[in-house]
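File shown: model26.pdb (PDB, C-alpha atoms).
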```
MODEL        1
ATOM      1  CA  MET S1438     115.199 107.395  46.865
ATOM      2  CA  LYS S1439     114.801 103.694  47.461
ATOM      3  CA  GLN S1440     116.568 101.161  45.302
ATOM      4  CA  THR S1441     114.103  98.664  43.866
ATOM      5  CA  THR S1442     114.785  94.945  43.655
ATOM      6  CA  PHE S1443     114.501  92.832  40.505
ATOM      7  CA  ALA S1444     111.352  91.273  41.947
ATOM      8  CA  SER S1445     109.790  94.728  42.333
ATOM      9  CA  VAL S1446     110.657  95.661  38.764
ATOM     10  CA  ALA S1447     109.183  92.397  37.476
ATOM     11  CA  TRP S1448     106.041  92.980  39.554
ATOM     12  CA  GLU S1449     105.606  96.459  38.064
ATOM     13  CA  LYS S1450     105.897  95.129  34.515
ATOM     14  CA  LYS S1451     103.228  92.444  34.861
ATOM     15  CA  GLY S1452     100.121  93.287  32.905
ATOM     16  CA  LYS S1453      97.402  92.237  35.322
ATOM     17  CA  ILE S1454      96.145  94.522  38.047
ATOM     18  CA  THR S1455      94.918  92.280  40.834
ATOM     19  CA  ARG S1456      91.800  92.959  42.864
ATOM     20  CA  ARG S1457      93.936  93.486  45.971
ATOM     21  CA  LYS S1458      96.135  96.040  44.189
ATOM     22  CA  ARG S1459      93.085  97.893  42.819
ATOM     23  CA  PHE S1460      91.397  97.858  46.237
ATOM     24  CA  LEU S1461      94.504  99.187  47.993
ATOM     25  CA  ALA S1462      94.937 101.928  45.376
ATOM     26  CA  GLU S1463      91.322 103.047  45.808
ATOM     27  CA  MET S1464      91.578 103.070  49.589
ATOM     28  CA  ASP S1465      94.891 104.926  49.444
ATOM     29  CA  ALA S1466      93.157 107.663  47.457
ATOM     30  CA  VAL S1467      90.171 108.113  49.812
ATOM     31  CA  ILE S1468      91.774 107.913  53.256
ATOM     32  CA  PRO S1469      92.672 111.347  54.681
ATOM     33  CA  TRP S1470      96.205 110.355  55.701
ATOM     34  CA  SER S1471      97.413 113.725  56.956
ATOM     35  CA  ARG S1472      94.382 114.175  59.212
ATOM     36  CA  LEU S1473      94.769 110.693  60.705
ATOM     37  CA  LEU S1474      98.507 111.046  61.200
ATOM     38  CA  GLY S1475      97.940 114.391  62.911
ATOM     39  CA  LEU S1476      95.753 112.685  65.519
ATOM     40  CA  ILE S1477      98.263 109.917  66.199
ATOM     41  CA  GLU S1478     101.445 112.027  66.134
ATOM     42  CA  PRO S1479     101.240 113.460  69.696
ATOM     43  CA  HIS S1480     101.061 109.925  71.114
ATOM     44  CA  TYR S1481     103.566 108.227  68.813
ATOM     45  CA  PRO S1482     107.030 107.480  70.273
ATOM     46  CA  LYS S1483     109.779 109.864  69.226
ATOM     47  CA  ALA S1484     113.174 108.833  67.922
ATOM     48  CA  GLY S1485     115.768 108.803  70.668
ATOM     49  CA  ASN S1486     118.769 106.845  71.845
ATOM     50  CA  GLY S1487     116.921 103.520  72.070
ATOM     51  CA  THR S1488     115.071 101.592  69.420
ATOM     52  CA  GLN S1489     114.033 103.809  66.530
ATOM     53  CA  PRO S1490     110.282 103.726  65.888
ATOM     54  CA  LYS S1491     108.990 102.714  62.479
ATOM     55  CA  PRO S1492     107.484 105.480  60.346
ATOM     56  CA  MET S1493     104.027 106.316  61.676
ATOM     57  CA  GLU S1494     102.289 106.296  58.281
ATOM     58  CA  GLN S1495     103.774 102.896  57.513
ATOM     59  CA  MET S1496     102.400 101.470  60.750
ATOM     60  CA  LEU S1497      98.951 103.009  60.169
ATOM     61  CA  ARG S1498      98.843 101.500  56.691
ATOM     62  CA  ILE S1499      99.747  98.078  58.094
ATOM     63  CA  TYR S1500      97.093  98.498  60.793
ATOM     64  CA  PHE S1501      94.459  99.173  58.128
ATOM     65  CA  MET S1502      95.564  96.186  56.027
ATOM     66  CA  ARG S1503      95.308  93.987  59.126
ATOM     67  CA  ASN S1504      91.720  95.075  59.445
ATOM     68  CA  TRP S1505      90.760  94.878  55.763
ATOM     69  CA  PHE S1506      92.147  91.399  55.278
ATOM     70  CA  ASN S1507      91.280  90.149  58.798
ATOM     71  CA  LEU S1508      94.880  89.309  59.689
ATOM     72  CA  SER S1509      96.371  88.568  63.069
ATOM     73  CA  ASP S1510      99.630  90.304  63.980
ATOM     74  CA  PRO S1511     101.818  87.318  62.922
ATOM     75  CA  ARG S1512      99.865  86.882  59.668
ATOM     76  CA  ALA S1513     100.214  90.593  58.920
ATOM     77  CA  GLU S1514     103.992  90.281  59.219
ATOM     78  CA  ASP S1515     104.012  87.179  56.996
ATOM     79  CA  SER S1516     101.809  88.893  54.402
ATOM     80  CA  LEU S1517     104.235  91.790  54.182
ATOM     81  CA  TYR S1518     106.992  89.317  53.325
ATOM     82  CA  ASP S1519     104.815  87.386  50.868
ATOM     83  CA  MET S1520     102.785  89.999  48.968
ATOM     84  CA  GLU S1521     104.285  92.789  46.919
ATOM     85  CA  SER S1522     100.999  94.719  46.714
ATOM     86  CA  MET S1523     100.830  94.919  50.505
ATOM     87  CA  ARG S1524     104.462  96.015  50.763
ATOM     88  CA  ARG S1525     103.805  98.721  48.175
ATOM     89  CA  PHE S1526     100.776 100.007  50.045
ATOM     90  CA  ALA S1527     102.791 100.112  53.290
ATOM     91  CA  GLY S1528     105.706 101.852  51.534
ATOM     92  CA  LEU S1529     108.175  99.044  52.147
ATOM     93  CA  GLU S1530     110.934  97.816  49.858
ATOM     94  CA  LEU S1531     112.049  94.315  50.750
ATOM     95  CA  ALA S1532     115.705  94.928  49.906
ATOM     96  CA  GLU S1533     116.092  98.118  51.960
ATOM     97  CA  ASP S1534     113.451  98.308  54.683
ATOM     98  CA  ALA S1535     113.074  96.133  57.731
ATOM     99  CA  ILE S1536     109.616  94.607  57.772
ATOM    100  CA  PRO S1537     107.921  95.380  61.098
ATOM    101  CA  ASP S1538     107.697  92.240  63.188
ATOM    102  CA  GLU S1539     104.510  91.071  64.860
ATOM    103  CA  SER S1540     105.404  92.653  68.211
ATOM    104  CA  THR S1541     105.889  96.060  66.548
ATOM    105  CA  ILE S1542     102.491  95.695  64.867
ATOM    106  CA  LEU S1543     101.003  94.673  68.230
ATOM    107  CA  ARG S1544     102.533  97.698  70.004
ATOM    108  CA  PHE S1545     101.049 100.065  67.421
ATOM    109  CA  ARG S1546      97.610  98.521  67.903
ATOM    110  CA  HIS S1547      98.009  98.837  71.677
ATOM    111  CA  LEU S1548      99.009 102.498  71.273
ATOM    112  CA  LEU S1549      95.775 103.193  69.385
ATOM    113  CA  GLU S1550      93.757 101.303  72.004
ATOM    114  CA  LYS S1551      95.466 102.927  74.996
ATOM    115  CA  HIS S1552      94.791 106.476  73.817
ATOM    116  CA  GLN S1553      91.372 105.612  72.293
ATOM    117  CA  LEU S1554      92.599 106.888  68.952
ATOM    118  CA  THR S1555      90.432 104.620  66.790
ATOM    119  CA  GLU S1556      87.345 106.246  68.217
ATOM    120  CA  GLN S1557      88.850 109.718  67.671
ATOM    121  CA  ILE S1558      90.117 108.885  64.194
ATOM    122  CA  PHE S1559      86.740 107.737  62.988
ATOM    123  CA  SER S1560      84.505 110.257  64.773
ATOM    124  CA  TYR S1561      84.705 112.514  60.899
ATOM    125  CA  GLN S1562      82.520 109.360  59.905
ATOM    126  CA  ARG S1563      79.429 110.817  61.657
ATOM    127  CA  PHE S1564      78.611 112.920  58.623
ATOM    128  CA  ILE S1565      78.661 109.815  56.431
ATOM    129  CA  ASN S1566      76.476 107.951  58.891
ATOM    130  CA  ARG S1567      73.979 110.836  59.029
ATOM    131  CA  CYS S1568      73.723 110.898  55.257
ATOM    132  CA  ARG S1569      73.184 107.176  55.130
ATOM    133  CA  SER S1570      70.771 106.967  58.065
ATOM    134  CA  SER S1571      67.944 108.475  56.037
ATOM    135  CA  THR S1572      67.463 105.054  54.474
ATOM    136  CA  PRO S1573      67.847 102.166  56.947
ATOM    137  CA  ALA S1574      68.736  99.614  54.270
ATOM    138  CA  ARG S1575      71.744 101.665  53.198
ATOM    139  CA  GLY S1576      73.103 101.507  56.750
ATOM    140  CA  GLU S1577      72.934  97.731  56.588
ATOM    141  CA  HIS S1578      75.439  97.643  53.724
ATOM    142  CA  ALA S1579      78.309  98.375  56.103
ATOM    143  CA  TYR S1580      77.457  95.171  57.961
ATOM    144  CA  HIS S1581      77.621  93.288  54.672
ATOM    145  CA  VAL S1582      81.065  94.683  53.898
ATOM    146  CA  VAL S1583      82.410  93.911  57.377
ATOM    147  CA  LYS S1584      80.884  90.453  57.741
ATOM    148  CA  ARG S1585      80.931  89.040  54.224
ATOM    149  CA  LEU S1586      83.566  90.865  52.214
ATOM    150  CA  ARG S1587      86.109  91.300  55.031
ATOM    151  CA  GLY S1588      85.235  88.101  56.933
ATOM    152  CA  ILE S1589      84.940  89.681  60.379
ATOM    153  CA  THR S1590      82.328  87.436  61.978
ATOM    154  CA  LYS S1591      83.840  86.706  65.374
ATOM    155  CA  VAL S1592      85.628  88.686  68.021
ATOM    156  CA  ARG S1593      89.374  88.299  67.974
ATOM    157  CA  TYR S1594      90.525  89.634  71.325
ATOM    158  CA  ARG S1595      89.653  89.197  74.963
ATOM    159  CA  GLY S1596      88.052  92.254  76.392
ATOM    160  CA  LEU S1597      85.398  94.610  75.241
ATOM    161  CA  ALA S1598      87.670  97.615  74.671
ATOM    162  CA  LYS S1599      89.986  95.868  72.175
ATOM    163  CA  ASN S1600      87.099  94.434  70.179
ATOM    164  CA  THR S1601      85.307  97.798  70.211
ATOM    165  CA  ASP S1602      88.418  99.487  68.778
ATOM    166  CA  ARG S1603      88.610  96.829  66.080
ATOM    167  CA  LEU S1604      84.965  97.343  65.133
ATOM    168  CA  TYR S1605      85.321 101.152  65.032
ATOM    169  CA  THR S1606      88.060 100.674  62.487
ATOM    170  CA  ALA S1607      86.189  97.980  60.553
ATOM    171  CA  PHE S1608      82.992  99.980  60.129
ATOM    172  CA  ALA S1609      84.714 103.262  59.357
ATOM    173  CA  LEU S1610      86.834 101.595  56.688
ATOM    174  CA  ALA S1611      83.711  99.853  55.348
ATOM    175  CA  ASN S1612      82.031 103.258  54.961
ATOM    176  CA  LEU S1613      85.060 104.607  53.103
ATOM    177  CA  TYR S1614      85.079 101.502  50.916
ATOM    178  CA  MET S1615      81.427 101.954  49.972
ATOM    179  CA  LEU S1616      81.894 105.653  49.178
ATOM    180  CA  ARG S1617      85.285 105.366  47.519
ATOM    181  CA  ARG S1618      84.047 106.036  43.993
ATOM    182  CA  ARG S1619      82.195 109.176  45.076
ATOM    183  CA  LEU S1620      85.166 110.469  47.058
ATOM    184  CA  ILE S1621      87.753 110.025  44.298
ATOM    185  CA  SER S1622      87.796 112.884  41.821
ATOM    186  CA  PRO S1623      88.383 112.259  38.101
ATOM    187  CA  GLN S1624      92.022 113.266  38.681
ATOM    188  CA  GLY S1625      92.429 110.342  41.094
ATOM    189  CA  THR S1626      92.661 112.400  44.282
ATOM    190  CA  CYS S1627      90.344 112.536  47.267
ATOM    191  CA  GLN S1628      87.742 115.299  47.143
ATOM    192  CA  TRP S1629      87.719 116.034  50.857
TER     193      TRP S1629
ENDMDL
END
```

Target encoding structure tokens, full file:
Amino acid sequence: MKQTTFASVAWEKKGKITRRKRFLAEMDAVIPWSRLLGLIEPHYPKAGNGTQPKPMEQMLRIYFMRNWFNLSDPRAEDSLYDMESMRRFAGLELAEDAIPDESTILRFRHLLEKHQLTEQIFSYQRFINRCRSSTPARGEHAYHVVKRLRGITKVRYRGLAKNTDRLYTAFALANLYMLRRRLISPQGTCQW
């Protein structure tokens, strides 16, 4: 059990639930974490005598936050130091856990790109796309979420493969965002 800091206790006791905290809680409930981690696990480095890898779920959560909030690797690291809601979503406690540095975040992204895992992770999105394709205007809403709400209007990386991986993630997460209220049961758990 992790020991919480005074700052964490004070943050828990504040009355206001921010939009970021609400958004992260909703997304946490709808993302099929075990399925995604199962796809990444065979490719993820194992603990050995050298540098110990960060927990895989923690790195996947940071990867998703990078995409949702359109953060570069250095800004993702800074945000984890600055924002309690992002640390909570990633499962980090500032007093006990080492915040992953930008190169660790970069290596995780490269791992997903190298093994084409973003395409594999978000291939269970086809059923959502088929349901939505019956009405063309509904398919356009994902573009609105990606471009306007998440601010992804330009490519970030050099090379088609890296930008394609980023867009796979962006559109799949946009679909989950748009369907989040349908996917969350009244008990607060994901229905799939």

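Interatomic distance, CA of Ile1499 in chain S against CA of Leu1461 in chain S: 11.4 Å.
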
Tell me which of S:His1552, S:Thr1455, S:Arg1544, S:Ile1468 sits closest to Met1520 in chain S, counting only C-alpha atoms.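 Distance minimum relative to Met1520 in chain S lands on S:Thr1455.
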
To test your reading of the syntax: which residues would the PyMOL selection byres ((chain S and resi 1542) around 8) return for the file shown? Reply as a VMD selection string. chain S and resid 1496 1499 to 1500 1510 1514 1537 to 1541 1543 to 1546

One residue among S:Thr1601, S:Gln1495, S:Asn1507, S:Gln1557 is nearest to Gly1528 in chain S when using only C-alpha atoms, and that residue is S:Gln1495

Any idea what the distance is between CA of Ala1527 in chain S and CA of Gly1596 in chain S?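 Distance reported for this atom pair: 28.5 Å.
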
Could you state the separation of CA of His1480 in chain S and CA of Phe1501 in chain S in Å, given to one decimal place?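 Spanning CA of His1480 in chain S to CA of Phe1501 in chain S is a straight-line distance of 18.1 Å.
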
Counting all atoms listed in the file, which of S:Val1467, S:Ala1532, S:Met1502, S:Ile1454 gets nearest to Leu1620 in chain S?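 Answer, going by the shortest atom-to-atom distance: S:Val1467.
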
Using only C-alpha atoms: which of S:Leu1473, S:Lys1458, S:Asp1602, S:Gly1485 has the shortest distance to Arg1525 in chain S: S:Lys1458

Padding 6 Å on every side, please: axis-aligned box over the listed atoms of range 1504-1521 of chain S, centre and edge lengths to one decimal in Å, as JSON.
```
{"center_x": 98.9, "center_y": 91.0, "center_z": 55.4, "size_x": 28.2, "size_y": 20.2, "size_z": 29.1}
```

Show me the residues close to (103.0, 90.4, 54.3) - anything with an atom within 10 Å, counting all atoms listed in the file - and format the list as a compact mmCIF listing (two decimals) with C-alpha atoms, in the frame of the given file.
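Below you can see point_4.txt, which holds the result:
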```
# COMPACT_ATOMS: atom_id res chain seq x y z
CA ILE S 1499 99.75 98.08 58.09
CA MET S 1502 95.56 96.19 56.03
CA ARG S 1503 95.31 93.99 59.13
CA LEU S 1508 94.88 89.31 59.69
CA PRO S 1511 101.82 87.32 62.92
CA ARG S 1512 99.86 86.88 59.67
CA ALA S 1513 100.21 90.59 58.92
CA GLU S 1514 103.99 90.28 59.22
CA ASP S 1515 104.01 87.18 57.00
CA SER S 1516 101.81 88.89 54.40
CA LEU S 1517 104.24 91.79 54.18
CA TYR S 1518 106.99 89.32 53.32
CA ASP S 1519 104.82 87.39 50.87
CA MET S 1520 102.78 90.00 48.97
CA GLU S 1521 104.28 92.79 46.92
CA SER S 1522 101.00 94.72 46.71
CA MET S 1523 100.83 94.92 50.50
CA ARG S 1524 104.46 96.02 50.76
CA ALA S 1527 102.79 100.11 53.29
CA ILE S 1536 109.62 94.61 57.77
CA PRO S 1537 107.92 95.38 61.10
```

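Minimum atom-to-atom distances from S:Met1493, S:Ile1621, S:His1547, S:Leu1616 to Pro1479 in chain S were compared using only C-alpha atoms, and the lowest value belongs to S:Met1493.
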